[in-house]
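Student: target.cif (mmCIF, C-alpha atoms and all ligand atoms) pasted underneath:
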```cif
data_structure
loop_
_atom_site.label_atom_id
_atom_site.label_comp_id
_atom_site.auth_asym_id
_atom_site.auth_seq_id
_atom_site.Cartn_x
_atom_site.Cartn_y
_atom_site.Cartn_z
CA MET A 133 -1.10 -34.06 -9.18
CA VAL A 134 1.17 -32.25 -6.80
CA PRO A 135 3.06 -34.59 -4.43
CA ARG A 136 2.22 -33.94 -0.82
CA HIS A 137 5.75 -33.20 0.35
CA SER A 138 6.06 -30.42 -2.22
CA ALA A 139 3.00 -28.66 -0.83
CA THR A 140 4.47 -28.97 2.66
CA GLN A 141 7.76 -27.53 1.45
CA ARG A 142 5.96 -24.61 -0.08
CA THR A 143 4.12 -23.95 3.17
CA THR A 144 7.36 -24.01 5.16
CA LYS A 145 8.95 -21.69 2.63
CA ASP A 146 5.97 -19.30 2.83
CA LEU A 147 6.17 -19.36 6.60
CA ARG A 148 9.89 -18.54 6.57
CA ARG A 149 9.29 -15.78 4.08
CA GLY A 150 6.47 -14.39 6.24
CA ASN A 151 8.70 -14.43 9.33
CA ARG A 152 11.43 -12.62 7.45
CA VAL A 153 8.98 -9.93 6.26
CA GLU A 154 7.54 -9.47 9.75
CA LEU A 155 10.93 -9.19 11.50
CA LEU A 156 12.30 -6.83 8.87
CA ARG A 157 9.23 -4.55 9.13
CA ARG A 158 9.56 -4.45 12.93
CA LEU A 159 13.23 -3.54 12.70
CA TYR A 160 12.45 -0.90 10.09
CA PHE A 161 9.65 0.83 12.00
CA GLU A 162 10.68 0.17 15.59
CA GLY A 163 14.44 0.71 15.27
CA ALA A 164 17.33 -1.24 16.80
CA THR A 165 16.06 -4.22 18.81
CA SER A 166 17.61 -7.27 20.46
CA ARG A 167 16.81 -10.78 19.19
CA ILE A 168 15.15 -11.60 22.52
CA ASP A 169 12.87 -8.56 22.30
CA LEU A 170 12.00 -9.44 18.70
CA ALA A 171 10.97 -12.91 19.84
CA GLY A 172 8.91 -11.39 22.68
CA ARG A 173 7.16 -8.90 20.42
CA THR A 174 6.37 -11.31 17.59
CA GLY A 175 5.68 -14.49 19.53
CA LEU A 176 8.24 -16.30 17.31
CA SER A 177 10.67 -18.70 18.97
CA GLN A 178 14.18 -17.45 19.74
CA ALA A 179 15.55 -20.11 17.38
CA THR A 180 13.38 -18.84 14.50
CA VAL A 181 14.33 -15.20 15.18
CA GLY A 182 18.01 -16.23 15.36
CA ASN A 183 17.82 -18.01 11.99
CA VAL A 184 16.04 -15.18 10.19
CA ILE A 185 18.39 -12.53 11.64
CA SER A 186 21.42 -14.61 10.55
CA GLU A 187 20.01 -14.67 7.01
CA LEU A 188 19.35 -10.91 7.05
CA LEU A 189 22.87 -10.26 8.40
CA HIS A 190 24.33 -12.49 5.70
CA ASP A 191 22.38 -10.54 3.07
CA ASN A 192 23.66 -7.28 4.56
CA VAL A 193 20.07 -6.03 4.98
CA VAL A 194 20.55 -5.62 8.74
CA ILE A 195 23.61 -4.92 10.90
CA GLU A 196 24.51 -5.42 14.55
CA THR A 197 24.74 -2.05 16.26
CA GLY A 198 26.12 -2.39 19.74
CA GLN A 199 24.88 -3.75 22.98
CA LEU A 200 22.06 -3.10 25.34
CA ASP A 201 23.00 -3.63 28.96
CA SER A 202 20.07 -5.59 30.32
CA GLU A 203 20.32 -4.54 33.98
CA GLY A 204 23.22 -6.61 35.17
CA GLY A 205 22.32 -9.52 32.91
CA ARG A 206 24.23 -10.60 29.86
CA PRO A 207 24.35 -7.68 27.42
CA ALA A 208 22.22 -8.26 24.31
CA VAL A 209 23.41 -7.24 20.85
CA LEU A 210 21.01 -4.94 19.00
CA VAL A 211 20.06 -5.47 15.40
CA ALA A 212 18.99 -2.67 13.03
CA VAL A 213 18.22 -2.15 9.35
CA ASN A 214 21.44 -1.33 7.49
CA PRO A 215 20.93 2.19 6.11
CA LYS A 216 23.75 1.61 3.63
CA HIS A 217 22.23 -1.51 2.15
CA ALA A 218 20.75 0.52 -0.68
CA ALA A 219 19.78 4.04 -1.71
CA VAL A 220 16.30 5.20 -2.70
CA VAL A 221 15.29 8.20 -4.81
CA GLY A 222 12.08 10.22 -4.37
CA VAL A 223 10.84 12.74 -6.93
CA ASP A 224 8.17 15.41 -6.37
CA VAL A 225 6.94 16.70 -9.72
CA GLY A 226 5.35 20.14 -9.32
CA GLU A 227 4.29 22.56 -12.03
CA SER A 228 7.24 24.91 -11.68
CA GLY A 229 9.86 22.39 -10.64
CA ALA A 230 10.75 18.88 -9.56
CA ALA A 231 12.44 18.14 -6.25
CA ILE A 232 14.69 15.10 -6.65
CA GLU A 233 16.11 13.63 -3.45
CA LEU A 234 18.31 10.65 -2.68
CA PHE A 235 17.93 8.85 0.65
CA ASP A 236 19.58 5.95 2.40
CA LEU A 237 17.41 2.92 3.15
CA ARG A 238 16.18 4.49 6.41
CA LEU A 239 15.16 7.58 4.43
CA GLN A 240 17.83 9.95 5.72
CA LYS A 241 18.41 12.48 2.96
CA LEU A 242 21.88 12.29 1.38
CA ALA A 243 21.53 14.60 -1.62
CA ALA A 244 18.93 16.76 -3.35
CA VAL A 245 18.51 18.82 -6.51
CA GLU A 246 15.76 21.11 -7.79
CA VAL A 247 14.99 20.95 -11.50
CA PRO A 248 13.02 23.92 -12.89
CA LEU A 249 9.98 22.93 -14.99
CA ARG A 250 7.36 24.84 -16.91
CA LEU A 251 4.28 22.66 -16.74
CA PRO A 252 1.86 22.56 -18.48
CA LYS A 253 4.01 23.94 -21.34
CA GLU A 254 6.62 21.22 -20.83
CA SER A 255 5.97 18.09 -22.92
CA PRO A 256 6.01 14.74 -21.09
CA ALA A 257 9.16 13.76 -23.04
CA SER A 258 10.97 16.92 -21.96
CA LEU A 259 9.80 16.41 -18.37
CA VAL A 260 11.18 12.85 -18.41
CA SER A 261 14.58 13.89 -19.76
CA LYS A 262 14.87 16.65 -17.13
CA ILE A 263 13.99 14.20 -14.36
CA ALA A 264 16.53 11.71 -15.72
CA ALA A 265 19.24 14.37 -15.69
CA GLY A 266 18.31 15.34 -12.13
CA VAL A 267 18.33 11.72 -10.93
CA ASN A 268 21.80 11.16 -12.41
CA GLN A 269 22.96 14.37 -10.78
CA VAL A 270 21.68 13.39 -7.35
CA ILE A 271 23.29 9.91 -7.63
CA LYS A 272 26.60 11.55 -8.53
CA GLN A 273 26.26 14.11 -5.72
CA ALA A 274 25.69 11.35 -3.14
CA GLY A 275 28.63 9.36 -4.50
CA VAL A 276 26.68 6.11 -4.87
CA ALA A 277 26.77 3.66 -7.77
CA ALA A 278 23.62 3.67 -9.94
CA GLN A 279 23.14 -0.09 -9.30
CA HIS A 280 23.04 0.71 -5.58
CA VAL A 281 19.74 2.56 -6.11
CA LEU A 282 16.87 0.28 -5.17
CA GLY A 283 14.26 2.23 -7.03
CA ILE A 284 12.86 5.66 -7.84
CA GLY A 285 9.47 6.75 -6.51
CA VAL A 286 7.78 9.60 -8.35
CA GLY A 287 4.85 11.72 -7.12
CA VAL A 288 2.99 13.55 -9.90
CA PRO A 289 0.00 15.86 -10.17
CA GLY A 290 -3.09 14.15 -11.56
CA VAL A 291 -4.66 10.74 -11.45
CA VAL A 292 -2.32 7.76 -11.74
CA VAL A 293 -4.28 4.76 -12.98
CA HIS A 294 -2.87 1.35 -12.11
CA ASP A 295 -4.70 -1.32 -14.10
CA GLY A 296 -2.01 -3.48 -15.61
CA GLU A 297 -0.64 -0.57 -17.55
CA GLU A 298 -0.16 2.73 -15.79
CA TYR A 299 -1.33 6.03 -17.19
CA VAL A 300 -1.50 9.55 -15.86
CA HIS A 301 -4.53 11.77 -16.43
CA ALA A 302 -4.05 15.40 -15.45
CA PRO A 303 -6.55 17.71 -17.16
CA SER A 304 -4.97 20.80 -15.59
CA LEU A 305 -1.70 19.91 -17.36
CA GLY A 306 -3.41 18.81 -20.57
CA TRP A 307 -2.30 15.21 -19.93
CA ASP A 308 -4.74 12.63 -21.18
CA LYS A 309 -3.64 9.00 -20.73
CA ILE A 310 0.10 9.75 -20.70
CA PRO A 311 2.20 6.55 -20.27
CA LEU A 312 4.51 8.37 -17.88
CA LEU A 313 5.69 5.23 -16.09
CA GLN A 314 6.87 3.60 -19.31
CA LEU A 315 8.59 6.82 -20.38
CA LEU A 316 10.37 7.13 -17.03
CA GLN A 317 11.35 3.42 -16.98
CA THR A 318 13.24 3.73 -20.23
CA ALA A 319 15.05 6.90 -19.15
CA LEU A 320 15.94 6.17 -15.51
CA PRO A 321 18.71 3.94 -14.12
CA ALA A 322 16.54 2.01 -11.60
CA PRO A 323 12.98 0.67 -11.39
CA VAL A 324 10.31 3.36 -11.12
CA MET A 325 7.14 3.51 -9.04
CA LEU A 326 4.59 6.22 -9.67
CA ASP A 327 1.71 7.70 -7.69
CA ASN A 328 -0.26 10.89 -7.23
CA GLY A 329 1.67 13.51 -5.22
CA ALA A 330 -1.03 14.03 -2.57
CA ARG A 331 -1.05 10.29 -2.00
CA THR A 332 2.75 10.09 -1.66
CA MET A 333 2.63 13.02 0.78
CA GLY A 334 -0.02 11.15 2.76
CA ARG A 335 2.26 8.10 2.89
CA ALA A 336 5.11 10.20 4.28
CA GLU A 337 2.75 11.58 6.92
CA MET A 338 1.68 8.02 7.83
CA TRP A 339 5.34 6.87 8.11
CA PHE A 340 6.97 9.88 9.72
CA GLY A 341 4.28 12.36 10.78
CA LYS A 342 2.87 12.88 14.23
CA ARG A 343 -0.28 10.75 13.70
CA ARG A 344 1.38 7.49 12.71
CA ASP A 345 -0.99 5.42 14.81
CA ALA A 346 -4.16 6.95 13.41
CA LYS A 347 -6.45 4.53 11.59
CA HIS A 348 -8.78 7.07 10.00
CA LEU A 349 -6.77 9.96 8.70
CA VAL A 350 -7.09 12.46 5.88
CA VAL A 351 -3.94 14.25 4.75
CA VAL A 352 -4.78 17.24 2.57
CA LEU A 353 -2.31 18.77 0.17
CA LEU A 354 -2.67 22.52 -0.36
CA GLY A 355 -0.26 23.65 -3.04
CA THR A 356 -0.49 24.74 -6.65
CA GLY A 357 -3.00 21.91 -6.87
CA VAL A 358 -5.24 20.62 -4.10
CA GLY A 359 -5.70 16.96 -3.20
CA ALA A 360 -6.04 14.52 -0.35
CA ALA A 361 -4.91 11.09 0.78
CA LEU A 362 -7.62 9.15 2.59
CA PHE A 363 -6.61 6.44 5.04
CA ASN A 364 -9.21 3.93 6.14
CA GLU A 365 -8.18 1.40 8.83
CA GLY A 366 -4.61 2.57 8.21
CA HIS A 367 -4.76 1.78 4.48
CA LEU A 368 -4.69 4.30 1.67
CA PHE A 369 -8.09 4.32 -0.02
CA GLY A 370 -7.83 4.10 -3.80
CA GLY A 371 -11.27 3.55 -5.29
CA SER A 372 -11.92 1.52 -8.44
CA THR A 373 -9.26 3.20 -10.57
CA SER A 374 -7.08 4.60 -7.76
CA SER A 375 -8.25 8.18 -8.32
CA ALA A 376 -9.93 8.60 -4.91
CA GLY A 377 -8.84 11.69 -3.01
CA GLU A 378 -9.38 14.28 -5.75
CA TRP A 379 -10.72 16.57 -3.06
CA GLY A 380 -9.57 19.65 -5.00
CA HIS A 381 -12.20 18.90 -7.66
CA THR A 382 -15.14 18.56 -5.33
CA CYS A 383 -17.56 21.45 -5.83
CA VAL A 384 -17.87 24.22 -3.24
CA VAL A 385 -19.80 26.77 -5.37
CA VAL A 386 -22.35 25.58 -7.93
CA GLY A 387 -21.58 27.41 -11.18
CA GLY A 388 -18.61 29.10 -9.53
CA ARG A 389 -15.11 29.94 -10.76
CA GLN A 390 -13.77 28.06 -13.77
CA CYS A 391 -11.44 25.25 -12.71
CA ARG A 392 -8.50 23.97 -14.74
CA CYS A 393 -10.15 20.53 -14.83
CA GLY A 394 -12.95 21.92 -17.02
CA ALA A 395 -15.63 21.99 -14.30
CA LYS A 396 -16.83 25.02 -12.32
CA GLY A 397 -16.70 25.91 -8.66
CA CYS A 398 -14.11 23.31 -7.63
CA LEU A 399 -12.27 23.77 -4.33
CA GLU A 400 -8.97 24.10 -6.23
CA ALA A 401 -10.46 26.97 -8.28
CA TYR A 402 -10.64 28.92 -4.97
CA VAL A 403 -7.80 27.71 -2.78
CA GLY A 404 -5.13 26.42 -5.17
CA ALA A 405 -2.13 28.80 -5.00
CA GLY A 406 -2.91 30.39 -8.38
CA ALA A 407 -6.58 30.85 -7.47
CA ILE A 408 -5.76 32.53 -4.13
CA LEU A 409 -3.47 34.96 -5.97
CA GLU A 410 -6.08 35.64 -8.67
CA ARG A 411 -8.71 36.40 -6.01
CA TRP A 412 -6.24 38.77 -4.34
CA ALA A 413 -5.51 40.50 -7.66
CA GLN A 414 -9.23 40.85 -8.38
CA ARG A 415 -10.03 42.25 -4.97
CA SER A 416 -7.14 44.72 -4.97
CA ARG A 417 -7.71 45.59 -8.68
CA ARG A 418 -4.20 44.67 -9.71
CA SER A 419 -2.94 42.35 -12.41
CA LEU A 420 -0.62 39.43 -11.82
CA PRO A 421 2.61 39.07 -13.79
CA ALA A 422 2.37 36.51 -16.61
CA ARG A 423 5.32 34.46 -15.33
CA ARG A 424 4.76 34.57 -11.65
CA ASP A 425 6.62 33.11 -8.73
CA GLU A 426 3.65 31.77 -6.74
CA GLN A 427 5.64 31.12 -3.58
CA ARG A 428 7.03 34.64 -3.44
CA LEU A 429 3.64 36.23 -4.20
CA LEU A 430 1.87 34.15 -1.58
CA ARG A 431 4.43 35.21 1.03
CA GLU A 432 3.73 38.80 -0.04
CA LEU A 433 0.00 38.21 0.41
CA ALA A 434 0.55 36.81 3.91
CA ALA A 435 2.68 39.85 4.81
CA ALA A 436 0.21 42.33 3.24
CA ALA A 437 -2.67 40.84 5.25
CA ARG A 438 -1.26 42.59 8.36
CA ASP A 439 -2.42 46.00 7.15
CA SER A 440 -4.34 45.50 3.92
CA LYS A 441 -8.07 44.83 4.28
CA ALA A 442 -8.24 43.31 0.80
CA ALA A 443 -5.40 40.88 1.55
CA ALA A 444 -6.87 39.94 4.94
CA ALA A 445 -10.28 39.37 3.36
CA VAL A 446 -8.76 37.05 0.75
CA LEU A 447 -7.11 34.97 3.48
CA ASP A 448 -10.31 34.87 5.55
CA GLU A 449 -12.30 33.72 2.54
CA THR A 450 -9.59 31.11 1.82
CA ALA A 451 -9.92 29.74 5.36
CA ASP A 452 -13.74 29.69 5.09
CA ILE A 453 -13.66 27.72 1.83
CA ILE A 454 -11.03 25.26 3.08
CA GLY A 455 -13.15 24.81 6.21
CA VAL A 456 -16.23 24.00 4.12
CA GLY A 457 -14.18 21.51 2.11
CA MET A 458 -13.04 19.92 5.35
CA ALA A 459 -16.59 19.72 6.67
CA ASN A 460 -17.39 17.68 3.54
CA LEU A 461 -14.48 15.36 4.39
CA VAL A 462 -15.70 15.03 7.97
CA ASN A 463 -19.27 14.23 6.92
CA LEU A 464 -18.19 11.74 4.25
CA PHE A 465 -15.24 9.96 5.89
CA ASN A 466 -15.53 10.53 9.66
CA PRO A 467 -11.74 10.83 10.14
CA GLU A 468 -9.96 11.11 13.51
CA TYR A 469 -7.51 13.64 12.11
CA ILE A 470 -7.21 15.95 9.14
CA VAL A 471 -3.58 16.92 8.64
CA ILE A 472 -2.77 19.91 6.43
CA GLY A 473 0.33 19.65 4.25
CA GLY A 474 1.70 21.04 0.99
CA TRP A 475 3.61 24.26 0.57
CA VAL A 476 0.53 26.52 0.73
CA GLY A 477 -0.64 24.58 3.79
CA GLN A 478 2.69 25.14 5.49
CA LEU A 479 2.87 28.79 4.54
CA LEU A 480 -0.69 29.78 5.46
CA GLY A 481 -1.88 26.87 7.64
CA PRO A 482 -0.84 28.18 11.07
CA ARG A 483 -2.49 31.56 10.39
CA LEU A 484 -5.67 30.14 8.84
CA LEU A 485 -6.17 27.18 11.18
CA PRO A 486 -8.50 28.77 13.81
CA ARG A 487 -10.82 30.13 11.11
CA ILE A 488 -10.66 26.85 9.14
CA ARG A 489 -11.80 25.02 12.29
CA ASP A 490 -14.65 27.49 12.88
CA ALA A 491 -15.83 27.22 9.28
CA ALA A 492 -15.67 23.42 9.40
CA ALA A 493 -17.50 23.37 12.75
CA SER A 494 -20.38 25.44 11.44
CA GLN A 495 -20.80 23.28 8.35
CA ALA A 496 -20.05 19.71 9.52
CA LEU A 497 -22.44 17.47 11.41
CA ARG A 498 -21.84 18.05 15.09
CA PHE A 499 -21.14 14.46 16.17
CA PRO A 500 -18.44 13.50 13.62
CA PHE A 501 -16.91 16.97 13.98
CA SER A 502 -16.58 16.46 17.74
CA HIS A 503 -14.31 13.46 17.00
CA VAL A 504 -11.90 15.06 14.54
CA ALA A 505 -8.77 17.13 15.14
CA ILE A 506 -7.65 19.44 12.34
CA GLU A 507 -3.96 20.32 12.44
CA VAL A 508 -0.99 21.43 10.35
CA GLY A 509 1.43 18.59 9.56
CA ARG A 510 4.98 18.76 10.81
CA LEU A 511 6.68 17.37 7.71
CA GLY A 512 8.60 19.91 5.69
CA PRO A 513 8.53 20.63 1.97
CA ASP A 514 10.24 17.26 1.34
CA ALA A 515 7.11 15.30 2.22
CA VAL A 516 6.01 14.51 -1.35
CA ALA A 517 9.49 13.32 -2.45
CA MET A 518 10.02 11.38 0.77
CA GLY A 519 6.59 9.81 0.43
CA ALA A 520 7.43 8.81 -3.15
CA ALA A 521 10.59 7.11 -1.82
CA THR A 522 8.46 5.14 0.67
CA LEU A 523 6.80 3.41 -2.31
CA VAL A 524 10.15 1.79 -3.07
CA VAL A 525 10.96 0.99 0.56
CA GLU A 526 7.49 -0.50 1.10
CA SER A 527 7.98 -2.90 -1.78
CA PHE A 528 11.47 -3.79 -0.47
CA LEU A 529 10.04 -4.59 2.98
CA ALA A 530 7.18 -6.59 1.46
CA SER A 531 9.76 -8.75 -0.35
CA GLY A 532 11.53 -9.43 2.95
CA GLY A 533 14.48 -7.30 1.83
CA ARG A 534 15.09 -9.34 -1.30
CA SER A 535 13.78 -7.15 -4.08
CA ARG A 536 15.91 -4.69 -5.92
CA GLY A 537 13.10 -2.75 -7.41
CA THR A 538 9.77 -4.06 -8.43
CA THR A 539 8.95 -3.51 -12.00
CA GLN A 540 12.06 -4.61 -13.85
CA GLY A 541 12.65 -7.79 -11.88
CA ARG A 542 16.28 -7.07 -11.12
CA GLU A 543 18.48 -9.70 -9.58
CA ALA A 544 18.70 -9.37 -5.81
CA ALA A 545 22.09 -7.87 -5.05
CA THR A 546 22.35 -9.27 -1.57
CA GLN A 547 25.79 -7.97 -0.79
CA GLY A 548 24.57 -4.39 -0.95
CA GLY A 549 27.25 -2.03 -2.04
CA ALA A 550 29.52 0.65 -0.74
CA MET A 551 27.77 3.93 -0.20
CA GLY A 552 29.73 7.12 0.07
ZN ZN B 1 -11.68 21.07 -10.88
#
```
Would you mind writing the file's structure down as structure tokens?
Tutor:
Amino acid sequence: MVPRHSATQRTTKDLRRGNRVELLRRLYFEGATSRIDLAGRTGLSQATVGNVISELLHDNVVIETGQLDSEGGRPAVLVAVNPKHAAVVGVDVGESGAAIELFDLRLQKLAAVEVPLRLPKESPASLVSKIAAGVNQVIKQAGVAAQHVLGIGVGVPGVVVHDGEEYVHAPSLGWDKIPLLQLLQTALPAPVMLDNGARTMGRAEMWFGKRRDAKHLVVVLLGTGVGAALFNEGHLFGGSTSSAGEWGHTCVVVGGRQCRCGAKGCLEAYVGAGAILERWAQRSRRSLPARRDEQRLLRELAAAARDSKAAAAVLDETADIIGVGMANLVNLFNPEYIVIGGWVGQLLGPRLLPRIRDAAASQALRFPFSHVAIEVGRLGPDAVAMGAATLVVESFLASGGRSRGTTQGREAATQGGAMG
């Protein structure tokens, strides 16, 4: 039987922990704030806020950043999250390369490297050793100690299954139940968190994009692959095995073009970067080079569309198909916003947007369509890596700034460390 006072102690401890998490989250997302304002915004007493902030200052998680002159009154000291408390790494694994970026705790980029890859030819073991080399390089470049890195978030193509053990399934890469997380954990110098790249991009959009307050949002990734992150009531929708959002493998043409996933007529088989280029080659009766630079070729296509009918027709058809895919999203999920991201989205989005909207309007049900705005996201090509880094920061915030990583149970290094 548990003695009564112990249960009470636990409750008090939980309460204190909850207060610490809440105040830290506010400081993280709302920026420098005075203790009085924190008390006003949270409804906590000034004494409670004072105690929690003292603890966070002692742990070096927050810092005092100067004073706010409160209109003739006594100036109040502002408190903010200490960006130098720890570093975070985000990795965006694409088929032709991985972007590896190191950020401070507030996700300001301090260093970045690009590691060339040749997926699907690359084996998972070779991929892991290249990522490890890149991570070490970026840590060295930023001049931080490896133990200063809180964790490494990795966005990958394919379905990342979290059910006790984590596996990656990516039929287009020939990956069937690859224990990528375990492989990365043994090779990397800090705890690793893994998720699908479209989902990490969606997280970056939710943290730093222009629709942060949206509750019902779909962020679509148009790149070499095609995917989506679905937010319901502000939360990322996962489904029973966290594979929800495989929008690229929803069918737009029954019996249509062969998709890399094995099925036919998938959206990605028409509007993935490779598929757009193949349709262009077919229409202009040319052949594509075997080792092709998709980004360069797609820029060529966009330029050619100014005076080539074939190129313009390929882009129009691309917009029509994306629009139909978006109408399906509108009818199924009734979002407030659909935000277009990914490198193809950024490259072609502004040009295709009016036609995408028209195609979606003619296919979607009128009422839900009248409540959705379709737009191009403002985050740059870093969005997937930055979103992967948010996985680590999210778990740090959820621990009230105590965790150093999540999966290896590292000791909390409360004194932080020198950065730079
Ligand atoms: Zn498919």
Student: Quick one: residues within 9 Å of Ala405 (chain A), only C-alpha atoms counted, chain neighbours fewer than 2 positions away excluded, as a VMD selection string?
Tutor: chain A and resid 354 to 358 400 402 to 403 407 to 410 426 to 427 430 476
Student: As an exercise, work out the distance from CA of Ile454 (chain A) to CA of Ile488 (chain A) in Å and give it to one decimal place.
Tutor: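 Here the two named atoms are 6.3 Å from each other.
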Student: Kindly compile the residues surrounding ligand ZN 1 (chain B) within 8 Å, counting only C-alpha atoms and all ligand atoms, and format them as a ChimeraX atom specification.
Tutor: /A:380-383,390-401
Student: Just give me the gap between CA of Glu432 (chain A) and CA of Ala302 (chain A) in Å, one decimal is fine.
Tutor: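 Separating CA of Glu432 (chain A) from CA of Ala302 (chain A) is a distance of 29.1 Å.
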Student: What does the structure give for the distance between CA of Arg173 (chain A) and CA of Leu210 (chain A), in Å to one decimal?
Tutor: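 It comes out at 14.5 Å.
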Student: If we count all atoms listed in the file, what is near region 314-320 of chain A at a cut-off of 7 Å, once residues fewer than 3 positions away on the same chain are taken out, given as a list in words?
Tutor: Val260, Ala264, Pro311, Pro323 and Val324 of chain A
